[in-house]
$ cat query-v1.txt   # compact mmCIF, N, CA and C atoms
# COMPACT_ATOMS: atom_id res chain seq x y z
N ALA A 385 -3.19 12.69 -17.62
CA ALA A 385 -3.57 11.44 -16.99
C ALA A 385 -4.52 11.71 -15.83
N THR A 386 -5.40 10.81 -15.60
CA THR A 386 -6.29 10.91 -14.44
C THR A 386 -5.61 10.26 -13.25
N ALA A 387 -6.15 10.49 -12.08
CA ALA A 387 -5.63 9.84 -10.87
C ALA A 387 -5.68 8.33 -11.04
N GLN A 388 -6.77 7.83 -11.63
CA GLN A 388 -6.91 6.39 -11.84
C GLN A 388 -5.83 5.86 -12.78
N ASP A 389 -5.50 6.60 -13.84
CA ASP A 389 -4.43 6.20 -14.76
C ASP A 389 -3.11 6.06 -14.01
N ILE A 390 -2.83 7.03 -13.17
CA ILE A 390 -1.57 7.02 -12.42
C ILE A 390 -1.53 5.85 -11.44
N LEU A 391 -2.63 5.63 -10.73
CA LEU A 391 -2.68 4.52 -9.78
C LEU A 391 -2.56 3.17 -10.49
N GLU A 392 -3.17 3.04 -11.66
CA GLU A 392 -3.03 1.80 -12.43
C GLU A 392 -1.58 1.59 -12.86
N HIS A 393 -0.92 2.65 -13.26
CA HIS A 393 0.50 2.55 -13.63
C HIS A 393 1.34 2.11 -12.44
N ILE A 394 1.08 2.69 -11.28
CA ILE A 394 1.82 2.33 -10.07
C ILE A 394 1.59 0.86 -9.73
N ARG A 395 0.34 0.43 -9.83
CA ARG A 395 0.01 -0.97 -9.54
C ARG A 395 0.76 -1.89 -10.53
N ALA A 396 0.79 -1.50 -11.80
CA ALA A 396 1.44 -2.33 -12.82
C ALA A 396 2.96 -2.41 -12.63
N LEU A 397 3.55 -1.43 -11.99
CA LEU A 397 4.98 -1.47 -11.73
C LEU A 397 5.35 -2.63 -10.82
N ASN A 398 4.40 -3.04 -9.98
CA ASN A 398 4.60 -4.18 -9.08
C ASN A 398 5.90 -4.04 -8.30
N SER A 399 6.09 -2.87 -7.71
CA SER A 399 7.31 -2.54 -6.99
C SER A 399 7.05 -2.49 -5.49
N PRO A 400 8.05 -2.81 -4.68
CA PRO A 400 7.86 -2.69 -3.23
C PRO A 400 7.72 -1.24 -2.77
N LEU A 401 8.21 -0.28 -3.58
CA LEU A 401 8.11 1.12 -3.20
C LEU A 401 8.16 2.00 -4.45
N VAL A 402 7.17 2.88 -4.53
CA VAL A 402 7.10 3.82 -5.65
C VAL A 402 7.09 5.23 -5.07
N LEU A 403 8.03 6.04 -5.52
CA LEU A 403 8.08 7.45 -5.14
C LEU A 403 7.35 8.22 -6.22
N VAL A 404 6.30 8.93 -5.82
CA VAL A 404 5.52 9.75 -6.75
C VAL A 404 5.78 11.20 -6.41
N ASN A 405 6.24 11.95 -7.41
CA ASN A 405 6.58 13.36 -7.20
C ASN A 405 5.70 14.22 -8.09
N PHE A 406 4.95 15.13 -7.45
CA PHE A 406 4.13 16.10 -8.16
C PHE A 406 4.95 17.38 -8.28
N TRP A 407 5.12 17.86 -9.49
CA TRP A 407 6.02 18.98 -9.75
C TRP A 407 5.40 19.87 -10.82
N ALA A 408 6.04 21.02 -11.05
CA ALA A 408 5.62 21.93 -12.12
C ALA A 408 6.84 22.65 -12.67
N SER A 409 6.79 22.99 -13.93
CA SER A 409 7.93 23.64 -14.59
C SER A 409 8.18 25.05 -14.04
N TRP A 410 7.19 25.67 -13.46
CA TRP A 410 7.33 27.03 -12.91
C TRP A 410 7.77 27.02 -11.45
N CYS A 411 7.94 25.85 -10.87
CA CYS A 411 8.26 25.69 -9.44
C CYS A 411 9.77 25.53 -9.25
N GLY A 412 10.42 26.57 -8.72
CA GLY A 412 11.86 26.53 -8.48
C GLY A 412 12.30 25.36 -7.63
N PRO A 413 11.69 25.14 -6.44
CA PRO A 413 12.10 24.00 -5.61
C PRO A 413 11.89 22.65 -6.30
N CYS A 414 10.86 22.55 -7.14
CA CYS A 414 10.63 21.31 -7.88
C CYS A 414 11.82 21.03 -8.80
N LYS A 415 12.24 22.06 -9.52
CA LYS A 415 13.32 21.90 -10.48
C LYS A 415 14.65 21.65 -9.78
N GLU A 416 14.82 22.22 -8.59
CA GLU A 416 16.06 21.99 -7.84
C GLU A 416 16.17 20.56 -7.35
N GLU A 417 15.07 19.98 -6.87
CA GLU A 417 15.14 18.63 -6.30
C GLU A 417 15.06 17.53 -7.37
N PHE A 418 14.64 17.87 -8.56
CA PHE A 418 14.44 16.90 -9.63
C PHE A 418 15.68 16.04 -9.88
N PRO A 419 16.87 16.64 -10.06
CA PRO A 419 18.06 15.81 -10.28
C PRO A 419 18.35 14.86 -9.11
N ASN A 420 18.02 15.28 -7.89
CA ASN A 420 18.21 14.40 -6.73
C ASN A 420 17.33 13.16 -6.85
N LEU A 421 16.12 13.35 -7.33
CA LEU A 421 15.20 12.22 -7.48
C LEU A 421 15.69 11.27 -8.57
N LEU A 422 16.21 11.83 -9.65
CA LEU A 422 16.75 10.98 -10.70
C LEU A 422 17.96 10.19 -10.21
N SER A 423 18.80 10.85 -9.42
CA SER A 423 19.97 10.19 -8.85
C SER A 423 19.54 9.06 -7.91
N LEU A 424 18.57 9.33 -7.07
CA LEU A 424 18.07 8.33 -6.13
C LEU A 424 17.46 7.15 -6.89
N ARG A 425 16.75 7.45 -7.95
CA ARG A 425 16.15 6.40 -8.79
C ARG A 425 17.24 5.48 -9.33
N ALA A 426 18.30 6.06 -9.86
CA ALA A 426 19.40 5.27 -10.42
C ALA A 426 20.08 4.44 -9.33
N LYS A 427 20.28 5.04 -8.19
CA LYS A 427 20.99 4.38 -7.09
C LYS A 427 20.20 3.22 -6.48
N LEU A 428 18.87 3.38 -6.39
CA LEU A 428 18.07 2.40 -5.65
C LEU A 428 17.14 1.55 -6.50
N ALA A 429 17.24 1.67 -7.80
CA ALA A 429 16.37 0.86 -8.68
C ALA A 429 16.57 -0.63 -8.43
N ALA A 430 17.80 -1.05 -8.21
CA ALA A 430 18.08 -2.47 -7.98
C ALA A 430 17.43 -2.99 -6.70
N LYS A 431 17.15 -2.07 -5.78
CA LYS A 431 16.48 -2.46 -4.53
C LYS A 431 14.97 -2.41 -4.67
N GLY A 432 14.49 -1.98 -5.84
CA GLY A 432 13.05 -2.00 -6.08
C GLY A 432 12.38 -0.64 -6.15
N LEU A 433 13.12 0.43 -5.97
CA LEU A 433 12.50 1.75 -6.01
C LEU A 433 12.12 2.12 -7.45
N GLN A 434 10.91 2.57 -7.62
CA GLN A 434 10.44 3.13 -8.88
C GLN A 434 10.09 4.59 -8.62
N VAL A 435 10.23 5.43 -9.62
CA VAL A 435 9.90 6.85 -9.49
C VAL A 435 8.89 7.21 -10.58
N VAL A 436 7.86 7.94 -10.16
CA VAL A 436 6.83 8.41 -11.08
C VAL A 436 6.72 9.92 -10.92
N PHE A 437 6.90 10.64 -12.01
CA PHE A 437 6.75 12.09 -11.99
C PHE A 437 5.39 12.47 -12.56
N VAL A 438 4.73 13.43 -11.89
CA VAL A 438 3.44 13.92 -12.36
C VAL A 438 3.52 15.44 -12.43
N SER A 439 3.45 15.96 -13.65
CA SER A 439 3.46 17.41 -13.85
C SER A 439 2.06 17.95 -13.61
N ILE A 440 1.98 19.00 -12.79
CA ILE A 440 0.69 19.65 -12.58
C ILE A 440 0.62 20.96 -13.36
N ASP A 441 1.48 21.09 -14.36
CA ASP A 441 1.49 22.28 -15.21
C ASP A 441 0.15 22.45 -15.92
N GLU A 442 -0.17 23.69 -16.18
CA GLU A 442 -1.34 24.03 -16.99
C GLU A 442 -1.00 23.78 -18.46
N PRO A 443 -2.00 23.62 -19.32
CA PRO A 443 -1.72 23.37 -20.73
C PRO A 443 -0.77 24.40 -21.35
N ARG A 444 -0.86 25.65 -20.95
CA ARG A 444 0.03 26.69 -21.52
C ARG A 444 1.50 26.45 -21.17
N ASP A 445 1.76 25.65 -20.12
CA ASP A 445 3.13 25.38 -19.67
C ASP A 445 3.63 24.00 -20.08
N LEU A 446 2.84 23.29 -20.86
CA LEU A 446 3.22 21.92 -21.23
C LEU A 446 4.56 21.88 -21.97
N GLN A 447 4.79 22.81 -22.88
CA GLN A 447 6.05 22.81 -23.62
C GLN A 447 7.24 23.00 -22.68
N ALA A 448 7.10 23.88 -21.70
CA ALA A 448 8.19 24.10 -20.73
C ALA A 448 8.43 22.82 -19.93
N ALA A 449 7.37 22.13 -19.56
CA ALA A 449 7.52 20.88 -18.81
C ALA A 449 8.23 19.82 -19.66
N GLU A 450 7.82 19.71 -20.93
CA GLU A 450 8.46 18.73 -21.81
C GLU A 450 9.93 19.05 -22.03
N GLU A 451 10.25 20.33 -22.20
CA GLU A 451 11.65 20.73 -22.37
C GLU A 451 12.47 20.41 -21.12
N PHE A 452 11.88 20.63 -19.95
CA PHE A 452 12.57 20.33 -18.69
C PHE A 452 12.85 18.83 -18.59
N LEU A 453 11.87 18.01 -18.93
CA LEU A 453 12.07 16.56 -18.88
C LEU A 453 13.17 16.13 -19.85
N ARG A 454 13.16 16.69 -21.07
CA ARG A 454 14.21 16.37 -22.04
C ARG A 454 15.58 16.80 -21.53
N ALA A 455 15.66 18.00 -20.98
CA ALA A 455 16.94 18.52 -20.47
C ALA A 455 17.49 17.65 -19.36
N ASN A 456 16.60 17.01 -18.60
CA ASN A 456 17.02 16.12 -17.51
C ASN A 456 17.11 14.67 -17.95
N GLN A 457 16.99 14.45 -19.25
CA GLN A 457 17.14 13.12 -19.85
C GLN A 457 16.22 12.07 -19.24
N VAL A 458 14.99 12.48 -18.96
CA VAL A 458 14.00 11.54 -18.43
C VAL A 458 13.56 10.66 -19.59
N ASP A 459 13.85 9.36 -19.46
CA ASP A 459 13.58 8.42 -20.54
C ASP A 459 12.57 7.35 -20.13
N PHE A 460 11.74 7.67 -19.16
CA PHE A 460 10.72 6.73 -18.72
C PHE A 460 9.39 7.48 -18.65
N GLN A 461 8.31 6.73 -18.55
CA GLN A 461 6.98 7.32 -18.60
C GLN A 461 6.75 8.30 -17.44
N THR A 462 6.25 9.47 -17.79
CA THR A 462 5.84 10.46 -16.80
C THR A 462 4.39 10.84 -17.11
N PHE A 463 3.80 11.60 -16.21
CA PHE A 463 2.39 11.94 -16.37
C PHE A 463 2.18 13.45 -16.29
N TYR A 464 1.07 13.87 -16.87
CA TYR A 464 0.70 15.28 -16.96
C TYR A 464 -0.78 15.39 -16.65
N LYS A 465 -1.15 16.36 -15.83
CA LYS A 465 -2.54 16.49 -15.40
C LYS A 465 -3.49 16.93 -16.50
N GLY A 466 -2.97 17.54 -17.55
CA GLY A 466 -3.84 17.99 -18.63
C GLY A 466 -4.72 19.15 -18.19
N THR A 467 -5.95 19.14 -18.65
CA THR A 467 -6.85 20.26 -18.37
C THR A 467 -7.66 20.07 -17.08
N GLN A 468 -7.52 18.92 -16.44
CA GLN A 468 -8.30 18.70 -15.22
C GLN A 468 -7.81 19.59 -14.08
N ASP A 469 -8.68 19.83 -13.13
CA ASP A 469 -8.35 20.63 -11.96
C ASP A 469 -7.20 19.98 -11.20
N VAL A 470 -6.31 20.79 -10.69
CA VAL A 470 -5.14 20.28 -9.97
C VAL A 470 -5.54 19.47 -8.73
N GLN A 471 -6.75 19.61 -8.28
CA GLN A 471 -7.20 18.86 -7.11
C GLN A 471 -7.24 17.35 -7.34
N PHE A 472 -7.01 16.91 -8.60
CA PHE A 472 -6.96 15.48 -8.85
C PHE A 472 -5.85 14.84 -8.00
N VAL A 473 -4.85 15.63 -7.62
CA VAL A 473 -3.78 15.11 -6.76
C VAL A 473 -4.37 14.53 -5.48
N SER A 474 -5.42 15.15 -4.97
CA SER A 474 -6.06 14.68 -3.73
C SER A 474 -6.68 13.30 -3.88
N GLN A 475 -6.95 12.88 -5.10
CA GLN A 475 -7.48 11.53 -5.32
C GLN A 475 -6.39 10.48 -5.13
N ILE A 476 -5.15 10.91 -5.23
CA ILE A 476 -4.01 10.01 -5.01
C ILE A 476 -3.47 10.20 -3.60
N TYR A 477 -3.38 11.43 -3.17
CA TYR A 477 -2.84 11.81 -1.86
C TYR A 477 -3.88 12.69 -1.16
N PRO A 478 -4.83 12.06 -0.44
CA PRO A 478 -5.96 12.79 0.13
C PRO A 478 -5.58 13.92 1.10
N LYS A 479 -4.42 13.86 1.71
CA LYS A 479 -4.04 14.90 2.68
C LYS A 479 -3.30 16.07 2.04
N TRP A 480 -3.21 16.08 0.71
CA TRP A 480 -2.49 17.12 0.00
C TRP A 480 -3.08 18.48 0.30
N GLU A 481 -2.20 19.45 0.64
CA GLU A 481 -2.64 20.80 0.97
C GLU A 481 -2.39 21.80 -0.15
N GLY A 482 -1.93 21.33 -1.29
CA GLY A 482 -1.76 22.20 -2.44
C GLY A 482 -0.34 22.68 -2.69
N VAL A 483 0.61 22.21 -1.90
CA VAL A 483 2.01 22.64 -2.04
C VAL A 483 2.72 21.74 -3.06
N VAL A 484 3.56 22.34 -3.89
CA VAL A 484 4.47 21.57 -4.74
C VAL A 484 5.88 22.07 -4.49
N PRO A 485 6.85 21.21 -4.56
CA PRO A 485 6.67 19.80 -4.87
C PRO A 485 5.97 19.06 -3.73
N ALA A 486 5.34 17.98 -4.10
CA ALA A 486 4.73 17.07 -3.12
C ALA A 486 5.20 15.67 -3.49
N THR A 487 5.59 14.91 -2.50
CA THR A 487 6.13 13.58 -2.74
C THR A 487 5.42 12.58 -1.85
N ILE A 488 5.06 11.45 -2.44
CA ILE A 488 4.48 10.37 -1.65
C ILE A 488 5.23 9.08 -1.96
N LEU A 489 5.33 8.25 -0.96
CA LEU A 489 5.90 6.92 -1.12
C LEU A 489 4.76 5.93 -1.00
N ILE A 490 4.63 5.10 -2.01
CA ILE A 490 3.54 4.13 -2.05
C ILE A 490 4.12 2.73 -2.00
N GLY A 491 3.65 1.96 -1.03
CA GLY A 491 4.08 0.59 -0.87
C GLY A 491 3.09 -0.37 -1.51
N PRO A 492 3.17 -1.63 -1.12
CA PRO A 492 2.26 -2.64 -1.67
C PRO A 492 0.78 -2.27 -1.42
N GLN A 493 -0.07 -2.77 -2.29
CA GLN A 493 -1.51 -2.51 -2.26
C GLN A 493 -1.84 -1.01 -2.32
N LEU A 494 -0.96 -0.25 -2.96
CA LEU A 494 -1.16 1.20 -3.14
C LEU A 494 -1.30 1.95 -1.82
N LYS A 495 -0.69 1.43 -0.77
CA LYS A 495 -0.75 2.09 0.53
C LYS A 495 0.30 3.20 0.62
N ILE A 496 -0.15 4.40 0.98
CA ILE A 496 0.79 5.50 1.19
C ILE A 496 1.51 5.25 2.51
N VAL A 497 2.84 5.11 2.44
CA VAL A 497 3.63 4.82 3.63
C VAL A 497 4.37 6.05 4.15
N ASP A 498 4.46 7.10 3.33
CA ASP A 498 5.09 8.35 3.74
C ASP A 498 4.69 9.41 2.73
N ALA A 499 4.66 10.65 3.17
CA ALA A 499 4.32 11.75 2.27
C ALA A 499 4.78 13.05 2.89
N TRP A 500 5.16 14.00 2.02
CA TRP A 500 5.53 15.32 2.49
C TRP A 500 5.36 16.32 1.36
N GLU A 501 5.19 17.56 1.75
CA GLU A 501 5.07 18.64 0.79
C GLU A 501 6.25 19.58 0.97
N GLY A 502 6.69 20.17 -0.12
CA GLY A 502 7.87 21.01 -0.09
C GLY A 502 9.08 20.20 -0.50
N ASP A 503 10.17 20.91 -0.77
CA ASP A 503 11.36 20.23 -1.28
C ASP A 503 12.12 19.53 -0.17
N ALA A 504 13.01 18.64 -0.58
CA ALA A 504 13.84 17.89 0.36
C ALA A 504 15.22 17.70 -0.26
N THR A 505 16.19 17.47 0.60
CA THR A 505 17.54 17.19 0.12
C THR A 505 17.64 15.73 -0.32
N VAL A 506 18.68 15.41 -1.06
CA VAL A 506 18.87 14.03 -1.47
C VAL A 506 19.03 13.13 -0.25
N ALA A 507 19.67 13.62 0.81
CA ALA A 507 19.83 12.82 2.02
C ALA A 507 18.48 12.54 2.68
N GLU A 508 17.60 13.54 2.70
CA GLU A 508 16.26 13.34 3.27
C GLU A 508 15.47 12.33 2.44
N PHE A 509 15.54 12.46 1.12
CA PHE A 509 14.85 11.51 0.25
C PHE A 509 15.35 10.09 0.53
N GLU A 510 16.67 9.94 0.55
CA GLU A 510 17.23 8.61 0.72
C GLU A 510 16.86 8.02 2.08
N LYS A 511 16.89 8.83 3.12
CA LYS A 511 16.53 8.35 4.46
C LYS A 511 15.08 7.84 4.48
N ARG A 512 14.18 8.61 3.91
CA ARG A 512 12.76 8.22 3.90
C ARG A 512 12.54 6.97 3.05
N VAL A 513 13.20 6.92 1.89
CA VAL A 513 13.04 5.77 1.01
C VAL A 513 13.61 4.51 1.66
N MET A 514 14.81 4.61 2.21
CA MET A 514 15.46 3.44 2.80
C MET A 514 14.69 2.88 3.99
N ARG A 515 14.01 3.75 4.70
CA ARG A 515 13.18 3.31 5.83
C ARG A 515 12.15 2.26 5.36
N HIS A 516 11.71 2.39 4.12
CA HIS A 516 10.67 1.50 3.60
C HIS A 516 11.20 0.42 2.68
N LEU A 517 12.44 0.55 2.22
CA LEU A 517 13.03 -0.47 1.34
C LEU A 517 13.79 -1.54 2.11
N ARG A 518 14.13 -1.28 3.34
CA ARG A 518 14.87 -2.27 4.12
C ARG A 518 14.06 -3.58 4.20
N GLY A 519 14.75 -4.64 4.02
CA GLY A 519 14.10 -5.94 4.12
C GLY A 519 13.41 -6.39 2.84
N THR A 520 13.53 -5.60 1.77
CA THR A 520 12.89 -6.04 0.51
C THR A 520 13.89 -6.76 -0.35
$ encode --input "query-v1.txt" --output "structure tokens"
Amino acid sequence: ATAQDILEHIRALNSPLVLVNFWASWCGPCKEEFPNLLSLRAKLAAKGLQVVFVSIDEPRDLQAAEEFLRANQVDFQTFYKGTQDVQFVSQIYPKWEGVVPATILIGPQLKIVDAWEGDATVAEFEKRVMRHLRGT
């Protein structure tokens, strides 16, 4: 998917808050935090949280990424960078420094309301998400 494809998907979700997580199958911290994100998605979906996963795996790692998604029972649309340069992430998150996992929270009008690079605990994720979901 291109950055534009991902942004159009986020816009179409029409959600008060979308958590976008850039991950890779070869990234240990990405794989560790993944179940936390799925748990948070299940817990806060009723409050409007949507989660979008974007794999930055290279084509040679696509099968590993697909197997990881299946193993985690991901049953919703996810995205894959394909053969494009990984810098496409910067078209979505301009301040990205190249670290994965990278997570951004996008509010209305595709405005980035929070972002961080590196892994986080489920408590950290929930605290950041709830800061932006209150009052929705």
$ select_by_dssp --input "query-v1.txt" --residues "range 435-479 of chain A" --states "strand (DSSP E or B)" --output "list in words"
Val435, Val436, Phe437, Val438, Ser439, Phe463 and Tyr464 of chain A
$ closest_residue --input "query-v1.txt" --among "A:Glu442, A:Glu450, A:Glu508, A:Asp503" --to "Gly412 in chain A" --atoms "only C-alpha atoms"
A:Asp503
$ closest_residue --input "query-v1.txt" --among "A:His393, A:Gln468, A:Leu428, A:Phe437" --to "Ala486 in chain A" --atoms "only C-alpha atoms"
A:Phe437
$ closest_residue --input "query-v1.txt" --among "A:Thr467, A:Ala455, A:Ser439, A:Arg444" --to "Asn405 in chain A" --atoms "only N, CA and C atoms"
A:Ser439
$ closest_residue --input "query-v1.txt" --among "A:Glu451, A:Ile488, A:Leu421, A:Val436" --to "Phe463 in chain A" --atoms "only N, CA and C atoms"
A:Val436
$ closest_residue --input "query-v1.txt" --among "A:Ala387, A:Val435, A:Asp445, A:Leu494" --to "Ala408 in chain A" --atoms "only C-alpha atoms"
A:Asp445
$ residues_near_point --input "query-v1.txt" --point "(9.3, 28.6, -11.2)" --cutoff "12 Å" --atoms "only C-alpha atoms" --output "compact mmCIF listing (two decimals) with N, CA and C atoms, in the coordinates of the input"
# COMPACT_ATOMS: atom_id res chain seq x y z
N TRP A 407 5.12 17.86 -9.49
CA TRP A 407 6.02 18.98 -9.75
C TRP A 407 5.40 19.87 -10.82
N ALA A 408 6.04 21.02 -11.05
CA ALA A 408 5.62 21.93 -12.12
C ALA A 408 6.84 22.65 -12.67
N SER A 409 6.79 22.99 -13.93
CA SER A 409 7.93 23.64 -14.59
C SER A 409 8.18 25.05 -14.04
N TRP A 410 7.19 25.67 -13.46
CA TRP A 410 7.33 27.03 -12.91
C TRP A 410 7.77 27.02 -11.45
N CYS A 411 7.94 25.85 -10.87
CA CYS A 411 8.26 25.69 -9.44
C CYS A 411 9.77 25.53 -9.25
N GLY A 412 10.42 26.57 -8.72
CA GLY A 412 11.86 26.53 -8.48
C GLY A 412 12.30 25.36 -7.63
N PRO A 413 11.69 25.14 -6.44
CA PRO A 413 12.10 24.00 -5.61
C PRO A 413 11.89 22.65 -6.30
N CYS A 414 10.86 22.55 -7.14
CA CYS A 414 10.63 21.31 -7.88
C CYS A 414 11.82 21.03 -8.80
N LYS A 415 12.24 22.06 -9.52
CA LYS A 415 13.32 21.90 -10.48
C LYS A 415 14.65 21.65 -9.78
N GLU A 416 14.82 22.22 -8.59
CA GLU A 416 16.06 21.99 -7.84
C GLU A 416 16.17 20.56 -7.35
N ASP A 441 1.48 21.09 -14.36
CA ASP A 441 1.49 22.28 -15.21
C ASP A 441 0.15 22.45 -15.92
N ASP A 445 1.76 25.65 -20.12
CA ASP A 445 3.13 25.38 -19.67
C ASP A 445 3.63 24.00 -20.08
N ALA A 448 7.10 23.88 -21.70
CA ALA A 448 8.19 24.10 -20.73
C ALA A 448 8.43 22.82 -19.93
N ALA A 449 7.37 22.13 -19.56
CA ALA A 449 7.52 20.88 -18.81
C ALA A 449 8.23 19.82 -19.66
N PHE A 452 11.88 20.63 -19.95
CA PHE A 452 12.57 20.33 -18.69
C PHE A 452 12.85 18.83 -18.59
N VAL A 484 3.56 22.34 -3.89
CA VAL A 484 4.47 21.57 -4.74
C VAL A 484 5.88 22.07 -4.49
N PRO A 485 6.85 21.21 -4.56
CA PRO A 485 6.67 19.80 -4.87
C PRO A 485 5.97 19.06 -3.73
$ residues_around --input "query-v1.txt" --residues "Leu424 in chain A" --least-positions-apart "5" --cutoff "7 Å" --atoms "all atoms listed in the file" --output "list in words"
Pro419, Ala429 and Glu510 of chain A
$ closest_residue --input "query-v1.txt" --among "A:Val402, A:Val438, A:Val513, A:Thr487" --to "Thr462 in chain A" --atoms "all atoms listed in the file"
A:Val438
$ axis_aligned_box --input "query-v1.txt" --around "range 453-459 of chain A" --padding-each-side "3 Å" --output "JSON"
{"center_x": 14.7, "center_y": 12.9, "center_z": -19.8, "size_x": 11.6, "size_y": 17.2, "size_z": 10.5}
$ atom_distance --input "query-v1.txt" --atom1 "atom N of Ile394 in chain A" --atom2 "atom N of Val483 in chain A"
21.7 Å
$ atom_distance --input "query-v1.txt" --atom1 "CA of Gln388 in chain A" --atom2 "CA of Ala504 in chain A"
26.7 Å
$ residues_around --input "query-v1.txt" --residues "Thr386 in chain A" --least-positions-apart "4" --cutoff "6.5 Å" --atoms "all atoms listed in the file" --output "NGL selection string"
:A and (390-391 or 465)
$ write_last_selection --input "query-v1.txt" --atoms "N, CA and C atoms" --output "PDB file, in the frame of the given file"
ATOM      1  N   ILE A 390      -2.830   7.030 -13.170  1.00  0.00           N
ATOM      2  CA  ILE A 390      -1.570   7.020 -12.420  1.00  0.00           C
ATOM      3  C   ILE A 390      -1.530   5.850 -11.440  1.00  0.00           C
ATOM      4  N   LEU A 391      -2.630   5.630 -10.730  1.00  0.00           N
ATOM      5  CA  LEU A 391      -2.680   4.520  -9.780  1.00  0.00           C
ATOM      6  C   LEU A 391      -2.560   3.170 -10.490  1.00  0.00           C
ATOM      7  N   LYS A 465      -1.150  16.360 -15.830  1.00  0.00           N
ATOM      8  CA  LYS A 465      -2.540  16.490 -15.400  1.00  0.00           C
ATOM      9  C   LYS A 465      -3.490  16.930 -16.500  1.00  0.00           C
TER      10      LYS A 465
END
$ atom_distance --input "query-v1.txt" --atom1 "atom C of Ile490 in chain A" --atom2 "CA of Gly432 in chain A"
10.9 Å
$ select_by_dssp --input "query-v1.txt" --residues "range 385-516 of chain A" --states "helix (DSSP H, G or I)" --output "ChimeraX atom specification"
/A:387-397,412-431,443-455,470-476,492-494,506-516
$ residues_near_point --input "query-v1.txt" --point "(2.0, -4.5, -5.4)" --cutoff "6 Å" --atoms "all atoms listed in the file" --output "NGL selection string"
:A and (395 or 398-399 or 491-494)
